[in-house]
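Engineer: Following this message is one structure expressed as structure tokens.
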There are 4 protein chains.
Amino acid sequence: MKITEVRVILTCPGRNYVLVKVMTDEGVYGVGDGTLNGSELAVAEAIEHCSHLLIGMDPQRIEDIWYFLYHHTYWRGGPVYAAAIGAIDIALWDIKGKLANMPVYQLLGGAARDKVLCYGHAGGRTPEEVEESVRHLQAKGYRVIRAQIGGYGGSGMVRTQPPPRASIPPTQYFEPTPYMLEHVKLFEYLRKQLGDTVELCHDVHEQLTPIQAAWLAKQLEPYRLFFLEDPLPPEQIGSFALVRQASTTPLAMGEIVHNRYDALPLLQNRWIDYLRCAPMHIGGITEMRKVAAVAETYGVQMAFHGAADLGPIAQAAAVHLDMVIPNFGVQEWVTFPQEAYEVMPGACEFRDGYAYPPERPGIGLDINEELAAKYPYQRAWMPLVRREDGTMHRY
Amino acid sequence: MKITEVRVILTCPGRNYVLVKVMTDEGVYGVGDGTLNGSELAVAEAIEHCSHLLIGMDPQRIEDIWYFLYHHTYWRGGPVYAAAIGAIDIALWDIKGKLANMPVYQLLGGAARDKVLCYGHAGGRTPEEVEESVRHLQAKGYRVIRAQIGGYGGSGMVRTQPPPRASIPPTQYFEPTPYMLEHVKLFEYLRKQLGDTVELCHDVHEQLTPIQAAWLAKQLEPYRLFFLEDPLPPEQIGSFALVRQASTTPLAMGEIVHNRYDALPLLQNRWIDYLRCAPMHIGGITEMRKVAAVAETYGVQMAFHGAADLGPIAQAAAVHLDMVIPNFGVQEWVTFPQEAYEVMPGACEFRDGYAYPPERPGIGLDINEELAAKYPYQRAWMPLVRREDGTMHRY
Amino acid sequence: MKITEVRVILTCPGRNYVLVKVMTDEGVYGVGDGTLNGSELAVAEAIEHCSHLLIGMDPQRIEDIWYFLYHHTYWRGGPVYAAAIGAIDIALWDIKGKLANMPVYQLLGGAARDKVLCYGHAGGRTPEEVEESVRHLQAKGYRVIRAQIGGYGGSGMVRTQPPPRASIPPTQYFEPTPYMLEHVKLFEYLRKQLGDTVELCHDVHEQLTPIQAAWLAKQLEPYRLFFLEDPLPPEQIGSFALVRQASTTPLAMGEIVHNRYDALPLLQNRWIDYLRCAPMHIGGITEMRKVAAVAETYGVQMAFHGAADLGPIAQAAAVHLDMVIPNFGVQEWVTFPQEAYEVMPGACEFRDGYAYPPERPGIGLDINEELAAKYPYQRAWMPLVRREDGTMHRY
Amino acid sequence: MKITEVRVILTCPGRNYVLVKVMTDEGVYGVGDGTLNGSELAVAEAIEHCSHLLIGMDPQRIEDIWYFLYHHTYWRGGPVYAAAIGAIDIALWDIKGKLANMPVYQLLGGAARDKVLCYGHAGGRTPEEVEESVRHLQAKGYRVIRAQIGGYGGSGMVRTQPPPRASIPPTQYFEPTPYMLEHVKLFEYLRKQLGDTVELCHDVHEQLTPIQAAWLAKQLEPYRLFFLEDPLPPEQIGSFALVRQASTTPLAMGEIVHNRYDALPLLQNRWIDYLRCAPMHIGGITEMRKVAAVAETYGVQMAFHGAADLGPIAQAAAVHLDMVIPNFGVQEWVTFPQEAYEVMPGACEFRDGYAYPPERPGIGLDINEELAAKYPYQRAWMPLVRREDGTMHRY
């Protein structure tokens with residue numbers, strides 16, 4: 001059995017996606033997703049470049065192809081390659097599932113649970129609005145809910161400067177103190193209003209310094225978070241020890257970790273409680289499964305990234321893994337644009353706070369290429385964030 | 001799909017084996033091996049006991065059943081439970097492979113190599129006899145060869161005391177000095193006679209103290225071993241640091257490690273180069289795969305135990321994994337009694353120094369229950385070893 | 001003097017027990033207990049298997065036999081072997097005591113105290129019921145009392161699913177949040193009602209993640225526990241550092257630790273305050289005494305496991321040790337079914353919160369084999385616990 | 001002053017290069033190089049994508065633009081982004097130098113030395129040929145010379161399999177033993193023939209396991225290498241401790257390290273003697289200067305990568321840094337295709353074993369765009385290497 005073609009499909013049904021379709025000489029094909037928000041074209045070129053070498057290879061040899069993809073660039077690591085490998089890897093598991101006539105989670109070892117606990121995103125401009133948003137999610141069945149004032153940084157985003165030209169993102173200006181103070185009050189308020197049992201998360205989005213993150217984790221301790229997400233940027237992983245010792249607030253990290261070895265200090269030192277990589281962004285199912293095994297060894301649970309910056313196929317890859325890995329913690333959950341569901345029909349179902357993988361063979365989704373072609377790629381960039389004095393900050 | 005019966009088959013076609021057959025309501029069944037040399041009856045009871053709870057479970061949910069088996073005893077760990085779980089786990093992968101119509105290595109990710117490098121056992125009473133034995137294995141295609149004078153301990157086994165009764169093993173008396181001196185000379189001799197390129201191993205069989213092991217590893221360094229196996233007993237894993245720093249002789253360990261957490265210090269501290277567990281003895285394919293991922297993370301290769309104390313089904317489970325794991329190093333290889341091949345037809349092939357997994361769906365072997373019944377279990381024990389002064393030593 | 005027979009007595013006087021009787025050519029015999037709840041048959045086979053080799057050995061050479069038993073299986077470690085060795089070891093100490101005409105504690109060094117402080121189990125469905133239960137135990141003389149809502153996990157056990165067949169245990173479903181919140185409130189309530197001086201324990205029964213355990217230990221800190229027991233499963237011993245730094249709540253661990261080397265990180269890192277192994281479950285008096293010496297070295301006290309999953313003989317083995325070891329902390333205490341006391345006459349006495357070893361030679365108990373035979377083994381399993389989403393959890 | 005355009009110039013004058021030209025509203029422009037061998041198209045897209053945001057920015061604010069580029073992708077790290085940032089950063093330094101009317105090294109602090117010691121590449125099929133090649137380089141003035149049999153892996157490259165299609169690279173098959181044995185003999189031979197004073201390096205090219213690398217470093221110790229390069233792949237940086245303790249052979253690492261934080265363990269633990277990143281591959285002059293400062297802190301010298309996989313502009317960026325940094329060690333040196341010198345006129349001079357930076361303002365080189373357009377990009381891939389059994393290996 002041979003790979004005959006690797007099609008890269010750049011499409012924007014509401015958002016940009018980098019999709020792949022791996023075709024074979026036996027008719028069966030696999031679909032994958034390598035979307036890297038704001039870097040779609042680089043990923044597409046990375047896939048296109050390696051696709052020439054994939055022609056003629058046996059798509060059943062996933063492990064072999066994974067290491068071939070990993071090593072064929074010599075320089076390695078980084079989100080662009082990881083997403084390119086992830087897209088192809090998901091497509092190969094899709095093919096294998098179709099060959100076996102089994103959904104992917106069956107190939108991975110079979111269901112270790114009945115359904116996949118999800119967490120949703122609540123937000124608002126005031127504590128009252130956030131409370132309302134949490135209650136709205138509770139009504140939909142969510143048991144775990146992320147709460148933020150504003151998007152990221154809350155009223156720490158002290159002002160916004162319009163972009164110099166249309167299509168360019170505006171610049172936001174961030175100061176940590178108002179953000180930190182406001183969110184301590186938010187969680188005090190939410191616990192008072194919502195009681196003890198709802199599970200609440202918060203995403204710092206890597207915007208604090210180590211000692212600020214430690215301070216915030218400690219101040220939030222009385223409100224018993226489910227986890228505090230991304231308290232530090234990946235460059236300061238070595239400072240997790242500081243945040244860790246400051247409180248018993250559970251810590252989550254990983255949505256911009258794209259490599260097993262970058263995650264290793266977090267796991268080996270038991271500095272976090274939830275590893276939040278996306279399977280697609282770390283090299284696909286093949287690699288994510290191995291990283292999950294390392295995490296399990298150190299008592300760390302998986303909470304796969306599942307924001308809108310990935311699509312329904314990548315989401316399904318995560319849910320198939322969620323069904324199987326022993327150290328599943330929670331799955332981040334969002335709804336995609338309707339057009340995206342149409343371009344990628346067959347998405348996971350969500351009912352009463354839980355996700356369910358497709359029961360069709362393989363990943364369970366398809367790509368409607370004709371429809372995808374109607375939504376051409378729209379150049380876009382991530383938000384820009386600076387400090388009040390103009391210093392470049394992190395989004 | 002449901003498990004309807006778990007048959008435990010104790011049989012002795014040349015050696016004792018503890019086999020299992022997991023039957024389902026859809027006719028398909030799986031075979032497994034949980035042989036624990038000298039503890040067959042305890043393993044058989046452990047399997048028999050949990051089998052009552054397995055009836056009615058879905059055999060496709062391997063991950064779930066694994067954790068069920070692991071936790072249902074509350075007390076956990078140790079070789080008896082690990083082998084019991086291993087036997088059932090292999091049988092469940094056999095079922096899944098049959099359902100998918102694929103050999104197990106395909107389910108695990110597909111072949112990452114074309115064939116499985118094996119090492120064989122050379123021995124003799126003198127260096128000259130060992131040389132002859134090595135050359136004999138080279139003629140069969142072996143590129144990696146373990147060399148020992150005697151079985152384990154060589155002429156360090158200074159005398160043997162006949163057993164008090166028939167059927168009871170005799171007691172051997174061991175002194176480390178003659179063993180160590182003789183084996184330094186052996187490898188000096190072998191390198192001189194055989195040249196630089198043949199890959200040579202040696203198995204200490206956990207018979208030395210930490211500083212003796214360090215001494216031996218250093219003395220053998222000029223002869224460039226492929227690995228020095230089991231230099232220390234598992235109780236002294238903490239002394240691997242000592243052996244490690246003494247030389248650049250590659251170190252292997254693990255045939256009596258039956259638990260991920262027992263192996264972890266060896267991996268995390270990068271104290272060894274090859275982890276030598278048997279999949280069957282650590283809880284089967286499900287667990288071995290995870291441990292292999294941890295080992296890979298720390299740059300440790302796998303060299304699965306494959307002595308005569310496990311059977312053709314357990315050997316095939318190892319070879320399926322060998323085909324897939326990226327950090328494969330080498331596979332220990334032995335030939336089984338002819339009767340064992342008949343009781344368990346369909347074993348892996350061995351050609352020119354390499355093993356090949358069965359290409360049939362599942363594990364690829366079957367159990368001839370009628371024939372197995374003709375070879376009833378023969379009570380047997382492991383060898384006993386004492387020191388010259390009568391102190392109980394380790395086999 | 002020679003061992004002539006090792007009788008394994010499986011009996012169920014109210015509960016299953018695995019008892020042994022080591023017979024000698026001089027008439028004197030020893031009794032031991034190797035009960036491993038839910039794994040009785042595997043332990044019985046392990047004892048039966050090694051018993052063949054024991055015939056003819058001198059029962060006075062306890063140290064020698066201990067290492068012989070430990071090494072004769074080659075694969076070693078794990079609860080099955082540890083219990084098998086433990087049973088025989090206790091019986092050998094019984095013989096030696098009878099030969100010396102002394103109770104075992106005299107042979108071990110003689111009494112270092114007059115009586116053995118015990119802790120009892122209080123429980124109930126509400127804080128008020130638990131308070132009543134505590135007061136009831138106080139009235140019996142207990143100074144140290146373990147308090148739980150429900151058995152383990154309290155109202156975290158959110159539902160129970162009836163078993164598919166009679167004789168199979170039901171499945172309970174556990175969620176950590178209600179359990180944790182409720183027990184913080186319980187201890188706040190108990191301290192308020194009962195005052196400062198009663199010593200209170202709590203058993204987490206390994207049901208939490210590391211950060212949850214750290215949170216709970218910290219929340220309970222104001223209520224000054226005597227100890228918090230088994231906050232983590234043995235696989236996550238490496239996370240005790242996290243729990244340790246979170247609070248000054250004393251920590252206890254060990255009822256499912258069956259090996260000196262598994263306990264070592266807890267001791268060497270001074271991560272716990274009480275080591276809670278059962279002598280029977282770690283290889284008997286011979287091994288427990290050494291482990292206690294290591295614990296003493298690191299300032300850790302002993303609090304031997306003494307639940308209903310072991311019997312009066314194993315209890316007596318613990319109490320003999322309790323009388324002697326300098327680092328005695330407390331002894332867990334339960335009452336056995338009346339039939340068990342009849343099958344194993346001569347149990348320790350309990351008066352006013354303290355236990356007293358039998359003053360008869362040896363262990364001080366006997367086995368009524370005729371009566372034991374009237375209570376045949378009843379197949380039984382440990383409880384099963386899953387998470388709300390169906391994930392296999394730990395009992 | 002504003003950036004008005006960022007031109008990406010993909011050209012293949014003998015080899016593929018990704019060049020940039022940053023245009024400003026004041027006529028002055030800067031040139032940079034972001035070549036990432038085998039991933040040129042992905043880097044080009046990454047530059048093109050961010051170039052839209054650069055329009056209108058002040059090119060004098062290099063530090064600001066650096067962090068803007070680093071953070072604007074949110075996902076960060078990895079060679080593709082690092083090369084994209086590196087290309088722009090070099091161009092911005094070129095602009096600043098032109099504005100100051102100074103060569104870049106003057107802006108960086110001025111010359112700390114008169115000339116830049118270089119090392120060249122000697123090779124051959126036999127020790128005799130390598131000796132001849134070394135002598136040839138010595139005649140050109142080289143004092144430090146890298147010696148290899150073959151390219152990488154020597155006769156460890158046991159066979160080559162022709163590619164399935166033209167334009168696809170062939171697959172080489174590597175075995176470590178012949179490579180290691182041969183290179184020990186090579187350096188024994190070279191020392192004997194060439195005497196003690198010539199400085200000799202060797203590049204392992206990440207092809208060994210940790211213990212093999214330790215063995216080789218130890219065996220080569222008597223021949224006093226200037227450094228042993230890339231003994232381990234970047235995934236196994238944690239094993240440098242093992243290689244380090246085995247010998248006093250100086251160690252170099254870094255040509256595929258593209259991130260400050262990946263290099264940090266090598267520096268902080270003082271595991272290496274020379275850090276071998278390329279400025280272009282780690283984010284340009286701005287970042288390389290800081291990494292050099294960290295390296296200096298830990299006593300590590302810089303030996304910038306300077307192989308043919310980067311071009312004359314990137315080489316000049318390295319040489320400007322080499323002139324300034326206190327912890328300069330040596331500069332790798334190659335000659336480029338004549339066409340490349342024509343497309344990028346103004347390259348550094350090399351005389352008598354030393355390089356000299358251009359003394360013109362800025363970087364000192366230009367890009368002949370018209371000529372570049374005559375050499376269109378030629379799709380190409382890195383070599384592929386497998387093990388003898390077919391396992392994917394590292395190039």
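How things are named: the first chain in the structure tokens is A, the next is B, and so on; residues count from 1 in each chain; ligands count from 1 in the order shown.
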DSSP on the backbone, strand (DSSP E or B) only: what residues of stretch 119-162 of chain D does that give? Format it as a list in words.
Structural biologist: Tyr119, Gly120, His121, Ala122, Gly123, Gly124, Val144, Ile145, Arg146, Ala147, Gln148, Ile149, Met157, Val158, Arg159, Thr160 and Gln161 of chain D
Engineer: Mind running chain A against chain B at 6 Å and telling me each contacting residue's nearest atom pair with the distance in Å (one decimal), counting only C-alpha atoms, chain and number ascending, as JSON lines?
Structural biologist:
{"residue": "A:Gln60", "atom": "CA", "partner": "B:Gly110", "partner_atom": "CA", "distance": 5.6}
{"residue": "A:Arg61", "atom": "CA", "partner": "B:Gly110", "partner_atom": "CA", "distance": 4.2}
{"residue": "A:Ile62", "atom": "CA", "partner": "B:Gly109", "partner_atom": "CA", "distance": 5.3}
{"residue": "A:Glu63", "atom": "CA", "partner": "B:Gly109", "partner_atom": "CA", "distance": 5.4}
{"residue": "A:Asp64", "atom": "CA", "partner": "B:Ala112", "partner_atom": "CA", "distance": 4.2}
{"residue": "A:Ala100", "atom": "CA", "partner": "B:Ala100", "partner_atom": "CA", "distance": 4.2}
{"residue": "A:Leu107", "atom": "CA", "partner": "B:Leu107", "partner_atom": "CA", "distance": 5.8}
{"residue": "A:Gly109", "atom": "CA", "partner": "B:Ile62", "partner_atom": "CA", "distance": 5.3}
{"residue": "A:Gly110", "atom": "CA", "partner": "B:Arg61", "partner_atom": "CA", "distance": 4.2}
{"residue": "A:Ala111", "atom": "CA", "partner": "B:Arg61", "partner_atom": "CA", "distance": 5.1}
{"residue": "A:Ala112", "atom": "CA", "partner": "B:Asp64", "partner_atom": "CA", "distance": 4.2}
{"residue": "A:Lys290", "atom": "CA", "partner": "B:Ala293", "partner_atom": "CA", "distance": 5.3}
{"residue": "A:Ala293", "atom": "CA", "partner": "B:Lys290", "partner_atom": "CA", "distance": 5.3}
{"residue": "A:Val294", "atom": "CA", "partner": "B:Val294", "partner_atom": "CA", "distance": 5.3}
Engineer: Tell me, which residues of stretch 53-203 of chain A carry DSSP alpha helix (DSSP H), written as a VMD selection string?
Structural biologist: chain A and resid 53 to 54 62 to 71 79 to 100 104 to 107 127 to 139 176 to 194
Engineer: Please provide the set of residues having any atom within 8 Å of stretch 133-142 of chain D, restricted to only C-alpha atoms, with same-chain residues fewer than 5 positions apart removed, written as a short mmCIF file (atom, residue, chain, number, x, y, z; two decimals) with all heavy atoms, in the first residue's frame.
Structural biologist:
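Result went into part.cif, see below:
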data_model
loop_
_atom_site.label_atom_id
_atom_site.label_comp_id
_atom_site.auth_asym_id
_atom_site.auth_seq_id
_atom_site.Cartn_x
_atom_site.Cartn_y
_atom_site.Cartn_z
N CYS D 118 39.90 30.57 12.23
CA CYS D 118 38.92 29.69 11.56
C CYS D 118 39.37 28.23 11.58
O CYS D 118 40.57 27.95 11.66
CB CYS D 118 38.76 30.11 10.10
SG CYS D 118 37.97 31.71 9.91
N TYR D 119 38.38 27.35 11.49
CA TYR D 119 38.75 25.96 11.27
C TYR D 119 38.14 25.47 9.96
O TYR D 119 37.04 25.89 9.58
CB TYR D 119 38.40 25.06 12.45
CG TYR D 119 36.96 24.67 12.63
CD1 TYR D 119 36.43 23.52 12.02
CD2 TYR D 119 36.11 25.40 13.46
CE1 TYR D 119 35.11 23.13 12.23
CE2 TYR D 119 34.80 25.02 13.66
CZ TYR D 119 34.30 23.89 13.04
OH TYR D 119 33.00 23.50 13.24
N GLY D 120 38.91 24.61 9.28
CA GLY D 120 38.45 24.09 8.00
C GLY D 120 38.14 22.61 8.06
O GLY D 120 38.39 21.96 9.08
N ALA D 122 38.73 18.91 6.76
CA ALA D 122 39.55 17.95 6.01
C ALA D 122 38.81 16.62 5.95
O ALA D 122 38.11 16.25 6.88
CB ALA D 122 40.90 17.76 6.70
N GLY D 123 39.00 15.93 4.84
CA GLY D 123 38.32 14.64 4.70
C GLY D 123 39.05 13.75 3.73
O GLY D 123 40.03 14.15 3.12
N GLY D 124 38.55 12.52 3.61
CA GLY D 124 39.15 11.57 2.69
C GLY D 124 38.56 10.20 2.95
O GLY D 124 37.82 10.02 3.92
N ALA D 147 38.61 16.80 11.02
CA ALA D 147 39.00 15.64 10.22
C ALA D 147 37.93 14.56 10.27
O ALA D 147 37.49 14.19 11.36
CB ALA D 147 40.33 15.09 10.73
N ARG D 351 42.39 34.92 5.09
CA ARG D 351 43.82 34.93 4.78
C ARG D 351 44.57 34.18 5.87
O ARG D 351 44.42 34.49 7.07
CB ARG D 351 44.36 36.36 4.75
CG ARG D 351 43.89 37.21 3.61
CD ARG D 351 44.73 38.49 3.47
NE ARG D 351 44.82 39.28 4.69
CZ ARG D 351 43.92 40.20 5.08
NH1 ARG D 351 42.84 40.44 4.35
NH2 ARG D 351 44.08 40.88 6.20
N ASP D 352 45.33 33.19 5.44
CA ASP D 352 46.26 32.51 6.34
C ASP D 352 45.58 31.96 7.60
O ASP D 352 46.11 32.09 8.72
CB ASP D 352 47.37 33.50 6.72
CG ASP D 352 48.53 32.75 7.39
OD1 ASP D 352 48.78 31.58 7.05
OD2 ASP D 352 49.16 33.34 8.30
N GLY D 353 44.40 31.36 7.42
CA GLY D 353 43.73 30.73 8.56
C GLY D 353 42.85 31.65 9.37
O GLY D 353 42.24 31.22 10.35
N TYR D 354 42.76 32.91 8.97
CA TYR D 354 41.93 33.86 9.70
C TYR D 354 40.92 34.53 8.76
O TYR D 354 41.21 34.75 7.58
CB TYR D 354 42.81 34.96 10.33
CG TYR D 354 43.68 34.44 11.44
CD1 TYR D 354 44.99 34.05 11.18
CD2 TYR D 354 43.20 34.33 12.74
CE1 TYR D 354 45.81 33.54 12.20
CE2 TYR D 354 44.02 33.84 13.76
CZ TYR D 354 45.31 33.44 13.49
OH TYR D 354 46.11 32.95 14.49
#
Engineer: Go ahead and compute the interatomic distance for atom CA of C:Leu384 and atom CA of C:Thr171, in Å to one decimal.
Structural biologist: 4.9 Å
Engineer: Hey, can you check how far atom CA of A:Arg270 sits from atom CA of A:Pro250?
Structural biologist: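 The value is 11.2 Å.
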Engineer: So that I can see what lies close to stretch 194-204 of chain C, please list as a list in words the residues with an atom at most 7 Å from it, counting only C-alpha atoms and leaving out residues fewer than 6 positions away in the same chain.
Structural biologist: Arg143, Val144, Ile145, Arg146, Ala147, Gln148, Leu225, Phe226, Phe227, Leu228, Glu229, Asp230 and Pro231 of chain C
Engineer: Quick one: residues within 7 Å of stretch 77-91 of chain D, only C-alpha atoms counted, chain neighbours fewer than 6 positions away excluded, as a PyMOL selection string?
Structural biologist: (chain A and resi 75-80) or (chain D and resi 20-22+30-36+42-43+46-47+66+69+258-259+280-286+317)
Engineer: Can you work out the spacing between atom CA of A:Phe350 and atom CA of A:Leu117 in Å, to one decimal?
Structural biologist: 9.7 Å
Engineer: Stretch 205-208 of chain A: which residues within 12 Å, counting only C-alpha atoms, same-chain residues fewer than 2 positions away excluded, as an MDAnalysis selection string?
Structural biologist: (chainID A and resid 148 151:154 156:157 173:177 179:180 202:203 210:217 228:237 239:240 243 252:256 385:387 392:395) or (chainID D and resid 71 74:75)
Engineer: Closest to B:Leu53 among B:Asp25, B:Glu5, B:Ile95, B:Ala347, using only C-alpha atoms?
Structural biologist: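 Checking each candidate against B:Leu53, we get B:Glu5 as the closest.
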Engineer: Identify, on the basis of only C-alpha atoms, every residue whose closest approach to stretch 165-168 of chain B does not exceed 9 Å; exclude the query and any residue fewer than 2 positions from it along the same chain; express the result as a PDB file with all heavy atoms, in the first residue's frame.
Structural biologist:
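Output file result29.pdb follows:
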ATOM      1  N   PRO B 162      24.357 -31.618  46.005  1.00  0.00           N
ATOM      2  CA  PRO B 162      23.162 -32.296  45.499  1.00  0.00           C
ATOM      3  C   PRO B 162      21.970 -31.998  46.399  1.00  0.00           C
ATOM      4  O   PRO B 162      22.125 -31.768  47.599  1.00  0.00           O
ATOM      5  CB  PRO B 162      23.535 -33.775  45.567  1.00  0.00           C
ATOM      6  CG  PRO B 162      25.000 -33.829  45.787  1.00  0.00           C
ATOM      7  CD  PRO B 162      25.390 -32.547  46.452  1.00  0.00           C
ATOM      8  N   PRO B 163      20.791 -31.998  45.830  1.00  0.00           N
ATOM      9  CA  PRO B 163      19.586 -31.687  46.604  1.00  0.00           C
ATOM     10  C   PRO B 163      19.266 -32.797  47.594  1.00  0.00           C
ATOM     11  O   PRO B 163      19.651 -33.947  47.390  1.00  0.00           O
ATOM     12  CB  PRO B 163      18.510 -31.582  45.529  1.00  0.00           C
ATOM     13  CG  PRO B 163      18.993 -32.428  44.412  1.00  0.00           C
ATOM     14  CD  PRO B 163      20.488 -32.365  44.441  1.00  0.00           C
ATOM     15  N   PRO B 170      19.500 -28.511  43.153  1.00  0.00           N
ATOM     16  CA  PRO B 170      20.737 -28.532  43.952  1.00  0.00           C
ATOM     17  C   PRO B 170      21.112 -27.107  44.358  1.00  0.00           C
ATOM     18  O   PRO B 170      20.554 -26.140  43.847  1.00  0.00           O
ATOM     19  CB  PRO B 170      21.779 -29.092  42.979  1.00  0.00           C
ATOM     20  CG  PRO B 170      21.269 -28.705  41.627  1.00  0.00           C
ATOM     21  CD  PRO B 170      19.764 -28.697  41.728  1.00  0.00           C
ATOM     22  N   ARG B 379       5.934 -29.598  38.738  1.00  0.00           N
ATOM     23  CA  ARG B 379       6.431 -28.667  39.742  1.00  0.00           C
ATOM     24  C   ARG B 379       7.948 -28.485  39.607  1.00  0.00           C
ATOM     25  O   ARG B 379       8.687 -29.455  39.470  1.00  0.00           O
ATOM     26  CB  ARG B 379       6.079 -29.161  41.145  1.00  0.00           C
ATOM     27  CG  ARG B 379       6.223 -28.079  42.213  1.00  0.00           C
ATOM     28  CD  ARG B 379       5.847 -28.583  43.599  1.00  0.00           C
ATOM     29  NE  ARG B 379       4.410 -28.713  43.814  1.00  0.00           N
ATOM     30  CZ  ARG B 379       3.597 -27.704  44.111  1.00  0.00           C
ATOM     31  NH1 ARG B 379       4.072 -26.475  44.188  1.00  0.00           N
ATOM     32  NH2 ARG B 379       2.316 -27.914  44.307  1.00  0.00           N
ATOM     33  N   ALA B 380       8.384 -27.240  39.642  1.00  0.00           N
ATOM     34  CA  ALA B 380       9.815 -26.952  39.464  1.00  0.00           C
ATOM     35  C   ALA B 380      10.159 -25.647  40.166  1.00  0.00           C
ATOM     36  O   ALA B 380       9.290 -24.817  40.414  1.00  0.00           O
ATOM     37  CB  ALA B 380      10.152 -26.846  37.981  1.00  0.00           C
ATOM     38  N   TRP B 381      11.429 -25.520  40.495  1.00  0.00           N
ATOM     39  CA  TRP B 381      11.909 -24.320  41.187  1.00  0.00           C
ATOM     40  C   TRP B 381      13.125 -23.749  40.477  1.00  0.00           C
ATOM     41  O   TRP B 381      13.805 -24.450  39.728  1.00  0.00           O
ATOM     42  CB  TRP B 381      12.285 -24.656  42.633  1.00  0.00           C
ATOM     43  CG  TRP B 381      11.133 -25.097  43.478  1.00  0.00           C
ATOM     44  CD1 TRP B 381      10.349 -24.320  44.273  1.00  0.00           C
ATOM     45  CD2 TRP B 381      10.625 -26.430  43.618  1.00  0.00           C
ATOM     46  NE1 TRP B 381       9.369 -25.070  44.889  1.00  0.00           N
ATOM     47  CE2 TRP B 381       9.520 -26.375  44.509  1.00  0.00           C
ATOM     48  CE3 TRP B 381      10.968 -27.668  43.070  1.00  0.00           C
ATOM     49  CZ2 TRP B 381       8.781 -27.498  44.861  1.00  0.00           C
ATOM     50  CZ3 TRP B 381      10.230 -28.776  43.431  1.00  0.00           C
ATOM     51  CH2 TRP B 381       9.154 -28.691  44.314  1.00  0.00           C
TER      52      TRP B 381
ATOM     53  N   HIS C  52       7.719 -26.998  49.729  1.00  0.00           N
ATOM     54  CA  HIS C  52       8.441 -28.211  49.368  1.00  0.00           C
ATOM     55  C   HIS C  52       9.934 -28.070  49.648  1.00  0.00           C
ATOM     56  O   HIS C  52      10.612 -29.039  49.972  1.00  0.00           O
ATOM     57  CB  HIS C  52       8.230 -28.537  47.883  1.00  0.00           C
ATOM     58  CG  HIS C  52       6.808 -28.864  47.559  1.00  0.00           C
ATOM     59  ND1 HIS C  52       6.374 -30.133  47.282  1.00  0.00           N
ATOM     60  CD2 HIS C  52       5.716 -28.070  47.488  1.00  0.00           C
ATOM     61  CE1 HIS C  52       5.067 -30.111  47.030  1.00  0.00           C
ATOM     62  NE2 HIS C  52       4.644 -28.858  47.149  1.00  0.00           N
ATOM     63  N   LEU C  53      10.438 -26.849  49.448  1.00  0.00           N
ATOM     64  CA  LEU C  53      11.872 -26.629  49.667  1.00  0.00           C
ATOM     65  C   LEU C  53      12.210 -26.456  51.140  1.00  0.00           C
ATOM     66  O   LEU C  53      13.353 -26.635  51.552  1.00  0.00           O
ATOM     67  CB  LEU C  53      12.338 -25.394  48.888  1.00  0.00           C
ATOM     68  CG  LEU C  53      12.109 -25.417  47.377  1.00  0.00           C
ATOM     69  CD1 LEU C  53      12.646 -24.131  46.751  1.00  0.00           C
ATOM     70  CD2 LEU C  53      12.788 -26.634  46.731  1.00  0.00           C
TER      71      LEU C  53
END
Engineer: Counting only C-alpha atoms, figure out which residue out of D:Lys374, D:His72, D:His183, D:His320 gets nearest to D:Val104.
Structural biologist: D:His320
